[in-house]
file coords.cif (mmCIF, C-alpha atoms)
data_query
#
loop_
_atom_site.label_atom_id
_atom_site.label_comp_id
_atom_site.auth_asym_id
_atom_site.auth_seq_id
_atom_site.Cartn_x
_atom_site.Cartn_y
_atom_site.Cartn_z
CA MET A 1 145.81 -273.52 56.42
CA SER A 2 142.35 -272.92 57.86
CA SER A 3 140.86 -269.41 57.94
CA ILE A 4 139.05 -268.21 61.07
CA THR A 5 137.41 -264.96 62.17
CA VAL A 6 136.89 -264.46 65.91
CA VAL A 7 134.44 -261.81 67.14
CA GLY A 8 134.85 -261.14 70.83
CA SER A 9 136.52 -259.55 73.80
CA VAL A 10 140.08 -258.51 74.67
CA ASN A 11 141.21 -258.05 78.27
CA ARG A 12 144.31 -257.32 80.27
CA ASP A 13 144.51 -260.23 82.74
CA PHE A 14 145.89 -259.92 86.26
CA VAL A 15 146.34 -263.42 87.71
CA LEU A 16 147.15 -264.03 91.39
CA THR A 17 147.79 -267.46 92.90
CA VAL A 18 146.80 -268.22 96.49
CA LYS A 19 146.74 -271.29 98.73
CA ASP A 20 142.95 -271.09 99.17
CA LEU A 21 140.37 -268.80 97.62
CA PRO A 22 139.33 -266.08 100.10
CA HIS A 23 135.99 -266.21 101.89
CA PRO A 24 133.78 -263.09 101.93
CA GLY A 25 135.51 -260.42 104.02
CA GLU A 26 138.78 -262.37 104.16
CA THR A 27 142.16 -261.03 102.98
CA VAL A 28 144.77 -263.51 101.74
CA LEU A 29 148.30 -262.99 100.44
CA ALA A 30 149.11 -264.02 96.88
CA ARG A 31 152.02 -266.35 96.25
CA HIS A 32 152.58 -265.31 92.65
CA PHE A 33 151.36 -262.75 90.13
CA VAL A 34 151.39 -262.60 86.33
CA GLU A 35 149.95 -260.09 83.88
CA GLY A 36 148.93 -261.16 80.40
CA VAL A 37 146.51 -260.90 77.53
CA GLY A 38 143.04 -262.37 78.01
CA GLY A 39 139.40 -262.02 77.09
CA LYS A 40 137.52 -264.85 75.44
CA GLY A 41 137.93 -263.41 71.95
CA ALA A 42 141.68 -262.91 72.26
CA ASN A 43 142.17 -266.27 73.94
CA GLN A 44 140.27 -268.19 71.29
CA ALA A 45 142.10 -266.34 68.52
CA VAL A 46 145.51 -267.16 70.01
CA ALA A 47 144.54 -270.80 70.60
CA ALA A 48 143.62 -271.23 66.92
CA ALA A 49 146.65 -269.29 65.67
CA ARG A 50 149.07 -271.44 67.67
CA LEU A 51 147.68 -274.48 65.91
CA GLY A 52 148.45 -272.92 62.54
CA SER A 53 145.21 -271.24 61.49
CA ARG A 54 145.05 -267.85 59.79
CA VAL A 55 143.07 -265.87 62.36
CA ARG A 56 141.43 -262.44 62.20
CA LEU A 57 140.16 -260.84 65.42
CA VAL A 58 137.25 -258.38 65.51
CA ALA A 59 137.23 -256.49 68.82
CA ARG A 60 137.61 -253.17 70.63
CA VAL A 61 140.38 -252.06 72.98
CA GLY A 62 141.29 -248.86 74.75
CA ALA A 63 144.05 -246.39 74.01
CA ASP A 64 146.20 -248.30 76.53
CA ALA A 65 146.38 -251.48 74.43
CA ALA A 66 149.52 -251.06 72.30
CA THR A 67 151.39 -253.85 74.10
CA ILE A 68 148.34 -256.11 73.94
CA LEU A 69 147.99 -255.64 70.19
CA ASP A 70 151.70 -256.30 69.75
CA ALA A 71 151.38 -259.50 71.78
CA LEU A 72 148.45 -260.70 69.69
CA ALA A 73 150.23 -259.87 66.45
CA SER A 74 153.31 -261.76 67.65
CA GLU A 75 151.09 -264.83 68.01
CA GLY A 76 150.07 -264.50 64.35
CA VAL A 77 146.65 -262.96 65.00
CA ASP A 78 145.51 -260.37 62.43
CA VAL A 79 144.48 -257.33 64.52
CA ASP A 80 143.58 -254.98 61.65
CA ALA A 81 139.89 -255.27 62.61
CA VAL A 82 140.55 -254.46 66.28
CA ARG A 83 139.38 -250.87 66.91
CA SER A 84 141.09 -248.65 69.48
CA ASP A 85 138.71 -246.49 71.52
CA GLU A 86 140.43 -243.37 72.84
CA ARG A 87 137.60 -242.78 75.33
CA ALA A 88 137.79 -246.18 77.03
CA THR A 89 140.26 -248.46 78.74
CA THR A 90 140.87 -252.02 77.65
CA GLY A 91 138.84 -254.63 79.53
CA ILE A 92 140.38 -255.92 82.75
CA ALA A 93 140.05 -259.34 84.37
CA ALA A 94 141.22 -259.97 87.94
CA VAL A 95 141.77 -263.72 88.35
CA VAL A 96 142.51 -265.50 91.64
CA VAL A 97 143.63 -269.15 91.40
CA ASP A 98 144.05 -271.57 94.31
CA ASN A 99 146.33 -274.61 94.72
CA ALA A 100 143.71 -276.93 93.23
CA GLY A 101 143.46 -274.84 90.06
CA GLU A 102 140.02 -273.46 90.94
CA ASN A 103 139.49 -269.76 90.32
CA THR A 104 137.33 -266.71 90.75
CA ILE A 105 137.23 -263.98 88.10
CA VAL A 106 135.98 -260.40 88.17
CA VAL A 107 135.82 -258.58 84.81
CA ASN A 108 135.51 -254.90 83.97
CA PRO A 109 134.38 -254.96 80.30
CA GLY A 110 135.90 -251.59 79.40
CA ALA A 111 136.10 -251.12 75.64
CA ASN A 112 134.53 -254.54 75.04
CA ALA A 113 131.16 -253.02 75.94
CA ASP A 114 131.57 -250.50 73.11
CA LEU A 115 131.99 -253.04 70.31
CA GLY A 116 129.04 -252.27 68.06
CA VAL A 117 127.37 -253.69 64.98
CA GLN A 118 129.15 -251.01 62.95
CA ASP A 119 132.46 -252.66 63.89
CA LEU A 120 131.58 -255.94 62.20
CA PRO A 121 133.22 -256.32 58.77
CA SER A 122 130.69 -256.43 55.94
CA ARG A 123 132.37 -259.69 54.92
CA LEU A 124 132.67 -261.76 58.10
CA VAL A 125 133.21 -264.80 55.90
CA ARG A 126 135.95 -264.18 53.36
CA SER A 127 135.60 -267.57 51.67
CA THR A 128 132.92 -270.27 51.81
CA GLY A 129 133.42 -272.56 54.78
CA GLU A 130 135.45 -270.10 56.85
CA VAL A 131 134.89 -270.65 60.57
CA VAL A 132 133.50 -267.73 62.58
CA VAL A 133 133.82 -267.96 66.37
CA ILE A 134 131.65 -265.80 68.66
CA GLN A 135 131.13 -265.54 72.43
CA ASN A 136 128.90 -263.59 74.83
CA GLU A 137 131.44 -261.16 76.33
CA ILE A 138 130.18 -258.51 73.88
CA ALA A 139 126.79 -256.86 73.36
CA PRO A 140 123.85 -259.15 72.48
CA ASP A 141 122.98 -257.27 69.28
CA VAL A 142 126.55 -257.69 68.04
CA VAL A 143 126.47 -261.40 68.84
CA ASP A 144 123.16 -261.88 67.06
CA LEU A 145 124.21 -260.01 63.93
CA ALA A 146 127.58 -261.77 63.78
CA VAL A 147 125.95 -265.20 63.99
CA LEU A 148 123.31 -264.40 61.37
CA ARG A 149 125.73 -262.65 59.00
CA ALA A 150 128.22 -265.50 59.20
CA ARG A 151 125.47 -268.00 58.42
CA GLU A 152 124.14 -265.94 55.50
CA GLN A 153 127.64 -265.67 54.04
CA GLY A 154 128.27 -269.41 54.12
CA GLY A 155 130.45 -269.61 57.21
CA VAL A 156 130.73 -272.35 59.81
CA VAL A 157 129.44 -270.75 63.01
CA VAL A 158 130.95 -271.82 66.35
CA PHE A 159 129.17 -270.08 69.23
CA ASN A 160 130.43 -270.21 72.82
CA PRO A 161 127.48 -268.87 74.90
CA ALA A 162 129.63 -267.62 77.79
CA PRO A 163 128.70 -265.93 79.99
CA ALA A 164 125.21 -267.40 79.90
CA ARG A 165 122.27 -265.24 78.83
CA PRO A 166 119.06 -265.80 76.83
CA ILE A 167 119.56 -266.55 73.12
CA GLY A 168 116.81 -266.32 70.52
CA THR A 169 115.70 -269.35 68.54
CA ARG A 170 116.56 -267.68 65.22
CA VAL A 171 120.14 -267.15 66.35
CA LEU A 172 120.52 -270.68 67.73
CA ALA A 173 119.16 -272.10 64.49
CA ALA A 174 121.97 -270.34 62.60
CA VAL A 175 124.68 -271.95 64.75
CA ASP A 176 126.64 -274.93 63.46
CA VAL A 177 128.33 -275.87 66.73
CA LEU A 178 127.17 -274.54 70.11
CA VAL A 179 129.83 -274.91 72.83
CA PRO A 180 128.46 -274.37 76.35
CA ASN A 181 129.80 -275.71 79.63
CA LEU A 182 127.46 -277.51 82.03
CA GLY A 183 126.29 -274.33 83.73
CA GLU A 184 125.64 -272.57 80.45
CA LEU A 185 123.75 -275.58 79.09
CA ALA A 186 121.56 -275.63 82.19
CA SER A 187 120.91 -271.90 81.85
CA LEU A 188 119.93 -272.25 78.18
CA LEU A 189 117.50 -275.05 79.01
CA GLY A 190 116.14 -273.47 82.19
CA THR A 191 117.08 -276.40 84.40
CA ASP A 192 119.47 -277.37 87.20
CA ARG A 193 123.10 -278.05 86.43
CA PRO A 194 123.67 -281.79 85.82
CA ALA A 195 125.58 -283.50 88.63
CA THR A 196 127.24 -286.27 86.60
CA VAL A 197 128.38 -286.99 83.06
CA ASP A 198 125.47 -289.40 82.63
CA ASP A 199 123.04 -286.72 83.84
CA ALA A 200 124.52 -284.29 81.32
CA ARG A 201 124.20 -286.82 78.51
CA GLY A 202 120.57 -287.45 79.38
CA LEU A 203 119.81 -283.74 79.54
CA LEU A 204 121.45 -283.12 76.17
CA GLU A 205 119.64 -286.05 74.55
CA ARG A 206 116.30 -284.65 75.73
CA ALA A 207 117.10 -281.05 74.76
CA ALA A 208 115.44 -279.42 71.76
CA LEU A 209 118.16 -276.96 70.76
CA PRO A 210 117.83 -276.02 67.06
CA CYS A 211 121.55 -275.76 66.26
CA ARG A 212 123.26 -278.37 64.11
CA ALA A 213 125.42 -279.73 66.92
CA VAL A 214 126.09 -279.12 70.61
CA VAL A 215 129.41 -279.79 72.32
CA VAL A 216 129.28 -279.52 76.11
CA THR A 217 132.63 -279.01 77.83
CA LEU A 218 133.06 -280.93 81.10
CA GLY A 219 136.45 -279.77 82.38
CA ALA A 220 138.46 -282.78 83.60
CA ASP A 221 135.76 -285.11 82.24
CA GLY A 222 136.29 -284.02 78.64
CA ALA A 223 133.27 -283.18 76.49
CA ILE A 224 129.94 -284.50 75.22
CA LEU A 225 128.91 -284.25 71.56
CA LYS A 226 125.31 -284.30 70.31
CA GLU A 227 124.65 -283.89 66.59
CA ALA A 228 121.18 -282.95 65.36
CA HIS A 229 120.90 -286.00 63.10
CA SER A 230 121.53 -288.40 66.00
CA ALA A 231 119.43 -289.20 69.07
CA ASN A 232 122.53 -290.22 71.02
CA THR A 233 125.48 -288.44 72.55
CA THR A 234 129.19 -289.24 72.44
CA HIS A 235 131.44 -288.75 75.46
CA ILE A 236 135.03 -287.76 74.65
CA PRO A 237 137.16 -288.25 77.80
CA ALA A 238 140.09 -286.01 78.70
CA PRO A 239 143.70 -287.10 79.28
CA PHE A 240 145.12 -287.15 82.79
CA VAL A 241 147.07 -283.96 83.54
CA ASP A 242 148.34 -282.09 86.59
CA ALA A 243 146.08 -279.02 86.53
CA VAL A 244 147.65 -275.75 87.63
CA ASP A 245 145.14 -273.18 86.37
CA THR A 246 141.87 -273.85 84.52
CA VAL A 247 141.49 -270.25 83.27
CA GLY A 248 141.45 -270.28 79.47
CA ALA A 249 140.82 -274.01 79.08
CA GLY A 250 137.38 -273.48 77.56
CA ASP A 251 138.76 -270.83 75.22
CA THR A 252 141.55 -273.17 74.14
CA PHE A 253 138.90 -275.80 73.44
CA CYS A 254 136.94 -273.40 71.20
CA GLY A 255 140.03 -272.22 69.34
CA ALA A 256 141.24 -275.77 68.74
CA LEU A 257 137.78 -276.88 67.64
CA ALA A 258 137.59 -274.02 65.14
CA ASP A 259 141.09 -274.83 63.83
CA ALA A 260 140.18 -278.48 63.27
CA LEU A 261 136.84 -277.70 61.63
CA GLY A 262 138.53 -275.16 59.37
CA ARG A 263 140.83 -277.93 58.13
CA GLY A 264 137.89 -280.13 57.20
CA THR A 265 138.16 -282.47 60.20
CA ASP A 266 134.91 -284.25 60.99
CA LEU A 267 133.20 -283.05 64.16
CA PRO A 268 133.91 -286.02 66.48
CA ALA A 269 137.62 -285.92 65.65
CA ALA A 270 137.65 -282.12 65.98
CA VAL A 271 136.11 -282.40 69.46
CA GLU A 272 138.69 -284.98 70.49
CA ARG A 273 141.52 -282.69 69.38
CA ALA A 274 139.93 -279.77 71.23
CA VAL A 275 139.71 -281.83 74.43
CA HIS A 276 143.41 -282.61 74.23
CA ALA A 277 144.26 -278.96 73.54
CA ALA A 278 142.26 -277.82 76.57
CA SER A 279 144.03 -280.39 78.74
CA HIS A 280 147.38 -278.89 77.76
CA ALA A 281 146.11 -275.42 78.63
CA VAL A 282 145.51 -276.16 82.32
CA THR A 283 149.13 -277.15 82.99
CA GLY A 284 150.43 -273.57 83.30
CA LEU A 285 149.44 -270.33 85.02
CA GLY A 286 147.51 -267.78 82.96
CA ALA A 287 144.97 -268.06 80.16
CA GLN A 288 147.43 -268.31 77.26
CA THR A 289 150.65 -269.60 78.82
CA SER A 290 150.11 -273.28 78.10
CA MET A 291 147.95 -273.10 75.01
CA PRO A 292 149.50 -275.79 72.81
CA TYR A 293 151.12 -275.68 69.42
CA ALA A 294 150.20 -278.27 66.79
CA ALA A 295 153.27 -280.44 67.43
CA GLN A 296 152.29 -280.86 71.08
CA LEU A 297 148.91 -282.30 70.15
CA ASP A 298 150.50 -284.96 67.99
CA VAL A 299 151.98 -286.64 71.09
CA PRO A 300 149.78 -289.58 72.25
CA ALA A 301 148.04 -288.98 75.57
CA VAL A 302 146.58 -291.33 78.19
CA THR A 303 142.85 -290.79 78.53
CA SER A 304 140.44 -291.56 81.32
CA ALA A 305 137.74 -294.19 80.93
CA SER A 306 134.40 -293.24 79.39
#
call {"tool": "encode", "arguments": {"input": "coords.cif", "output": "structure tokens"}}
result
Amino acid sequence: MSSITVVGSVNRDFVLTVKDLPHPGETVLARHFVEGVGGKGANQAVAAARLGSRVRLVARVGADAATILDALASEGVDVDAVRSDERATTGIAAVVVDNAGENTIVVNPGANADLGVQDLPSRLVRSTGEVVVIQNEIAPDVVDLAVLRAREQGGVVVFNPAPARPIGTRVLAAVDVLVPNLGELASLLGTDRPATVDDARGLLERAALPCRAVVVTLGADGAILKEAHSANTTHIPAPFVDAVDTVGAGDTFCGALADALGRGTDLPAAVERAVHAASHAVTGLGAQTSMPYAAQLDVPAVTSAS
């Protein structure tokens, strides 16, 4: 069983489905509504736990989060390092999804904004080689310290730079696997978003990011892998699926990637497994509804052409 620590956010998600996303000033009626647990930290923790990893979550929630903590614990996530803040409410995400699976999201960070460096365990890495997963939905100083501490303690650092914001070279150099999407990659490199998979591959091959590997998620097109020791990229295509809701797909990818790396899987194979996990995740409504279990990923899937 792999061991993973996730440092990140926890939200209460409100998901509404509509025929078409509203234009500015337009009111539309929702066809369906679900409430669930979200936040990139919680999502990535659940994704890894469903695949069999032993997962610890480091986060902050409000006094209103008892049901959320129970839900996370029921998924096998260790919530002992999740701090309850009596002065704050748990983060909230309002998600609107249209018939094509596209979405808009508005987030109120709530207690996530109060996660501080003092909340990080002194031992982020409990044993050599433990995977530590971090995202940008928490304060920059917490992100930086978590990355550097995990590296110093011998962990495998998986960093999902979402939402995009500037990241120092020292922090990037401590990252084992950086996992941006196309927009986040473009933001990191100060360039326009690539229009095609080939454009993205060319951009990544020319990039001078100091981390040990970069995995760019491409949604329905799968992912691109670039390892520091290689001048070339590898495109891992995604299987064909009927997408219902893309919310949480990137988080599922990160959780599945961490699970595979924690089991000693080599990076290309870990990325392939993560692509398949993310493809499962878009087949249901809500961030965590269709996150797969290990047995589901053992079923062969039909993939698109490279």
call {"tool": "residues_around", "arguments": {"input": "coords.cif", "residues": "Arg60 of chain A", "least_positions_apart": "5", "cutoff": "10 Å", "atoms": "all atoms listed in the file", "output": "list in words"}}
result
Val7, Gly8, Ser9, Val10, Asn11, Ala65, Ala81, Val82, Arg83, Ser84, Asp85, Ala88, Thr89, Thr90, Gly91, Gly110, Ala111, Asn112, Ala113, Asp114, Leu115, Gly116, Asp119 and Ile138 of chain A
call {"tool": "atom_distance", "arguments": {"input": "coords.cif", "atom1": "atom CA of Val157 of chain A", "atom2": "atom CA of Ala258 of chain A"}}
result
9.0 Å
call {"tool": "resolve_selection", "arguments": {"input": "coords.cif", "expression": "the PyMOL selection byres ((chain A and resi 227) around 7)", "output": "list in words"}}
result
Arg212, Ala213, Val214, Leu225, Lys226, Ala228, His229 and Ser230 of chain A
call {"tool": "resolve_selection", "arguments": {"input": "coords.cif", "expression": "the PyMOL selection byres ((chain A and resi 239-244) around 10)", "output": "JSON, numbers by chain"}}
result
{"A": [17, 97, 98, 99, 100, 101, 102, 220, 221, 222, 236, 237, 238, 245, 246, 247, 275, 276, 277, 278, 279, 280, 281, 282, 283, 284, 285, 286, 300, 301, 302, 303, 304, 305]}
call {"tool": "resolve_selection", "arguments": {"input": "coords.cif", "expression": "the PyMOL selection byres ((chain A and resi 184) around 8)", "output": "PyMOL selection string"}}
result
chain A and resi 161-164+180-183+185-188
call {"tool": "closest_residue", "arguments": {"input": "coords.cif", "among": "A:Val55, A:Leu16, A:Ala260, A:Ala208", "to": "Ala94 of chain A", "atoms": "only C-alpha atoms"}}
result
A:Leu16
call {"tool": "atom_distance", "arguments": {"input": "coords.cif", "atom1": "atom CA of Asp64 of chain A", "atom2": "atom CA of Val107 of chain A"}}
result
16.8 Å
call {"tool": "closest_residue", "arguments": {"input": "coords.cif", "among": "A:Ala150, A:Val125, A:Val158, A:Val34", "to": "Asp251 of chain A", "atoms": "all atoms listed in the file"}}
result
A:Val158
call {"tool": "closest_atom_pairs", "arguments": {"input": "coords.cif", "of": "segment 60-97 of chain A", "to": "segment 36-47 of chain A", "cutoff": "7 Å", "atoms": "only C-alpha atoms", "output": "CSV"}}
result
residue,atom,partner,partner_atom,distance
A:Ile68,CA,A:Val37,CA,6.3
A:Glu75,CA,A:Val46,CA,6.4
A:Val77,CA,A:Val46,CA,6.6
call {"tool": "residues_near_point", "arguments": {"input": "coords.cif", "point": "(121.9, -287.4, 83.9)", "cutoff": "12 Å", "atoms": "only C-alpha atoms", "output": "short mmCIF file (atom, residue, chain, number, x, y, z; two decimals) with C-alpha atoms, keeping the file's coordinate frame"}}
result
data_model
loop_
_atom_site.label_atom_id
_atom_site.label_comp_id
_atom_site.auth_asym_id
_atom_site.auth_seq_id
_atom_site.Cartn_x
_atom_site.Cartn_y
_atom_site.Cartn_z
CA LEU A 182 127.46 -277.51 82.03
CA ALA A 186 121.56 -275.63 82.19
CA ASP A 192 119.47 -277.37 87.20
CA ARG A 193 123.10 -278.05 86.43
CA PRO A 194 123.67 -281.79 85.82
CA ALA A 195 125.58 -283.50 88.63
CA THR A 196 127.24 -286.27 86.60
CA VAL A 197 128.38 -286.99 83.06
CA ASP A 198 125.47 -289.40 82.63
CA ASP A 199 123.04 -286.72 83.84
CA ALA A 200 124.52 -284.29 81.32
CA ARG A 201 124.20 -286.82 78.51
CA GLY A 202 120.57 -287.45 79.38
CA LEU A 203 119.81 -283.74 79.54
CA LEU A 204 121.45 -283.12 76.17
CA GLU A 205 119.64 -286.05 74.55
CA ARG A 206 116.30 -284.65 75.73
CA THR A 233 125.48 -288.44 72.55
#
call {"tool": "build_atoms", "arguments": {"input": "coords.cif", "residues": "segment 28-39 of chain A", "atoms": "all heavy atoms", "output": "tab-separated table (two decimals), in the frame of the given file"}}
result
chain	number	residue	atom	x	y	z
A	28	VAL	N	143.71	-262.51	101.83
A	28	VAL	CA	144.77	-263.51	101.74
A	28	VAL	C	145.93	-262.93	100.93
A	28	VAL	O	145.73	-262.01	100.12
A	28	VAL	CB	144.28	-264.82	101.10
A	28	VAL	CG1	143.17	-265.45	101.93
A	28	VAL	CG2	143.79	-264.57	99.67
A	29	LEU	N	147.11	-263.45	101.16
A	29	LEU	CA	148.30	-262.99	100.44
A	29	LEU	C	148.55	-263.89	99.23
A	29	LEU	O	148.49	-265.11	99.33
A	29	LEU	CB	149.52	-263.00	101.35
A	29	LEU	CG	149.47	-262.04	102.54
A	29	LEU	CD1	150.76	-262.17	103.38
A	29	LEU	CD2	149.29	-260.61	102.08
A	30	ALA	N	148.81	-263.27	98.09
A	30	ALA	CA	149.11	-264.02	96.88
A	30	ALA	C	150.52	-264.57	96.92
A	30	ALA	O	151.43	-263.94	97.47
A	30	ALA	CB	148.93	-263.13	95.66
A	31	ARG	N	150.69	-265.73	96.33
A	31	ARG	CA	152.02	-266.35	96.25
A	31	ARG	C	152.75	-265.97	94.97
A	31	ARG	O	153.97	-266.01	94.90
A	31	ARG	CB	151.87	-267.86	96.31
A	31	ARG	CG	151.32	-268.38	97.63
A	31	ARG	CD	151.23	-269.90	97.61
A	31	ARG	NE	150.97	-270.44	98.94
A	31	ARG	CZ	150.96	-271.74	99.23
A	31	ARG	NH1	151.20	-272.61	98.27
A	31	ARG	NH2	150.72	-272.15	100.44
A	32	HIS	N	151.97	-265.61	93.95
A	32	HIS	CA	152.58	-265.31	92.65
A	32	HIS	C	151.62	-264.42	91.87
A	32	HIS	O	150.42	-264.43	92.11
A	32	HIS	CB	152.84	-266.62	91.89
A	32	HIS	CG	153.63	-266.45	90.63
A	32	HIS	ND1	154.90	-265.93	90.61
A	32	HIS	CD2	153.33	-266.74	89.35
A	32	HIS	CE1	155.35	-265.91	89.37
A	32	HIS	NE2	154.41	-266.38	88.58
A	33	PHE	N	152.17	-263.66	90.94
A	33	PHE	CA	151.36	-262.75	90.13
A	33	PHE	C	151.91	-262.71	88.72
A	33	PHE	O	153.12	-262.65	88.50
A	33	PHE	CB	151.39	-261.34	90.73
A	33	PHE	CG	150.86	-260.28	89.80
A	33	PHE	CD1	149.50	-260.12	89.62
A	33	PHE	CD2	151.73	-259.45	89.09
A	33	PHE	CE1	149.01	-259.14	88.76
A	33	PHE	CE2	151.25	-258.48	88.24
A	33	PHE	CZ	149.88	-258.32	88.08
A	34	VAL	N	151.00	-262.79	87.72
A	34	VAL	CA	151.39	-262.60	86.33
A	34	VAL	C	150.36	-261.70	85.65
A	34	VAL	O	149.19	-261.70	86.01
A	34	VAL	CB	151.50	-263.93	85.56
A	34	VAL	CG1	152.63	-264.78	86.09
A	34	VAL	CG2	150.18	-264.69	85.57
A	35	GLU	N	150.83	-260.93	84.70
A	35	GLU	CA	149.95	-260.09	83.88
A	35	GLU	C	150.05	-260.59	82.44
A	35	GLU	O	151.14	-260.89	81.95
A	35	GLU	CB	150.37	-258.63	83.95
A	35	GLU	CG	149.51	-257.70	83.10
A	35	GLU	CD	149.94	-256.24	83.19
A	35	GLU	OE1	150.69	-255.90	84.12
A	35	GLU	OE2	149.52	-255.46	82.32
A	36	GLY	N	148.91	-260.67	81.77
A	36	GLY	CA	148.93	-261.16	80.40
A	36	GLY	C	147.73	-260.71	79.62
A	36	GLY	O	146.91	-259.91	80.10
A	37	VAL	N	147.63	-261.22	78.41
A	37	VAL	CA	146.51	-260.90	77.53
A	37	VAL	C	145.41	-261.94	77.74
A	37	VAL	O	145.69	-263.13	77.83
A	37	VAL	CB	146.94	-260.90	76.05
A	37	VAL	CG1	145.77	-260.56	75.15
A	37	VAL	CG2	148.09	-259.91	75.84
A	38	GLY	N	144.16	-261.46	77.83
A	38	GLY	CA	143.04	-262.37	78.01
A	38	GLY	C	141.81	-261.86	77.29
A	38	GLY	O	141.89	-261.08	76.35
A	39	GLY	N	140.66	-262.27	77.79
A	39	GLY	CA	139.40	-262.02	77.09
A	39	GLY	C	139.11	-263.21	76.20
A	39	GLY	O	140.00	-263.77	75.56
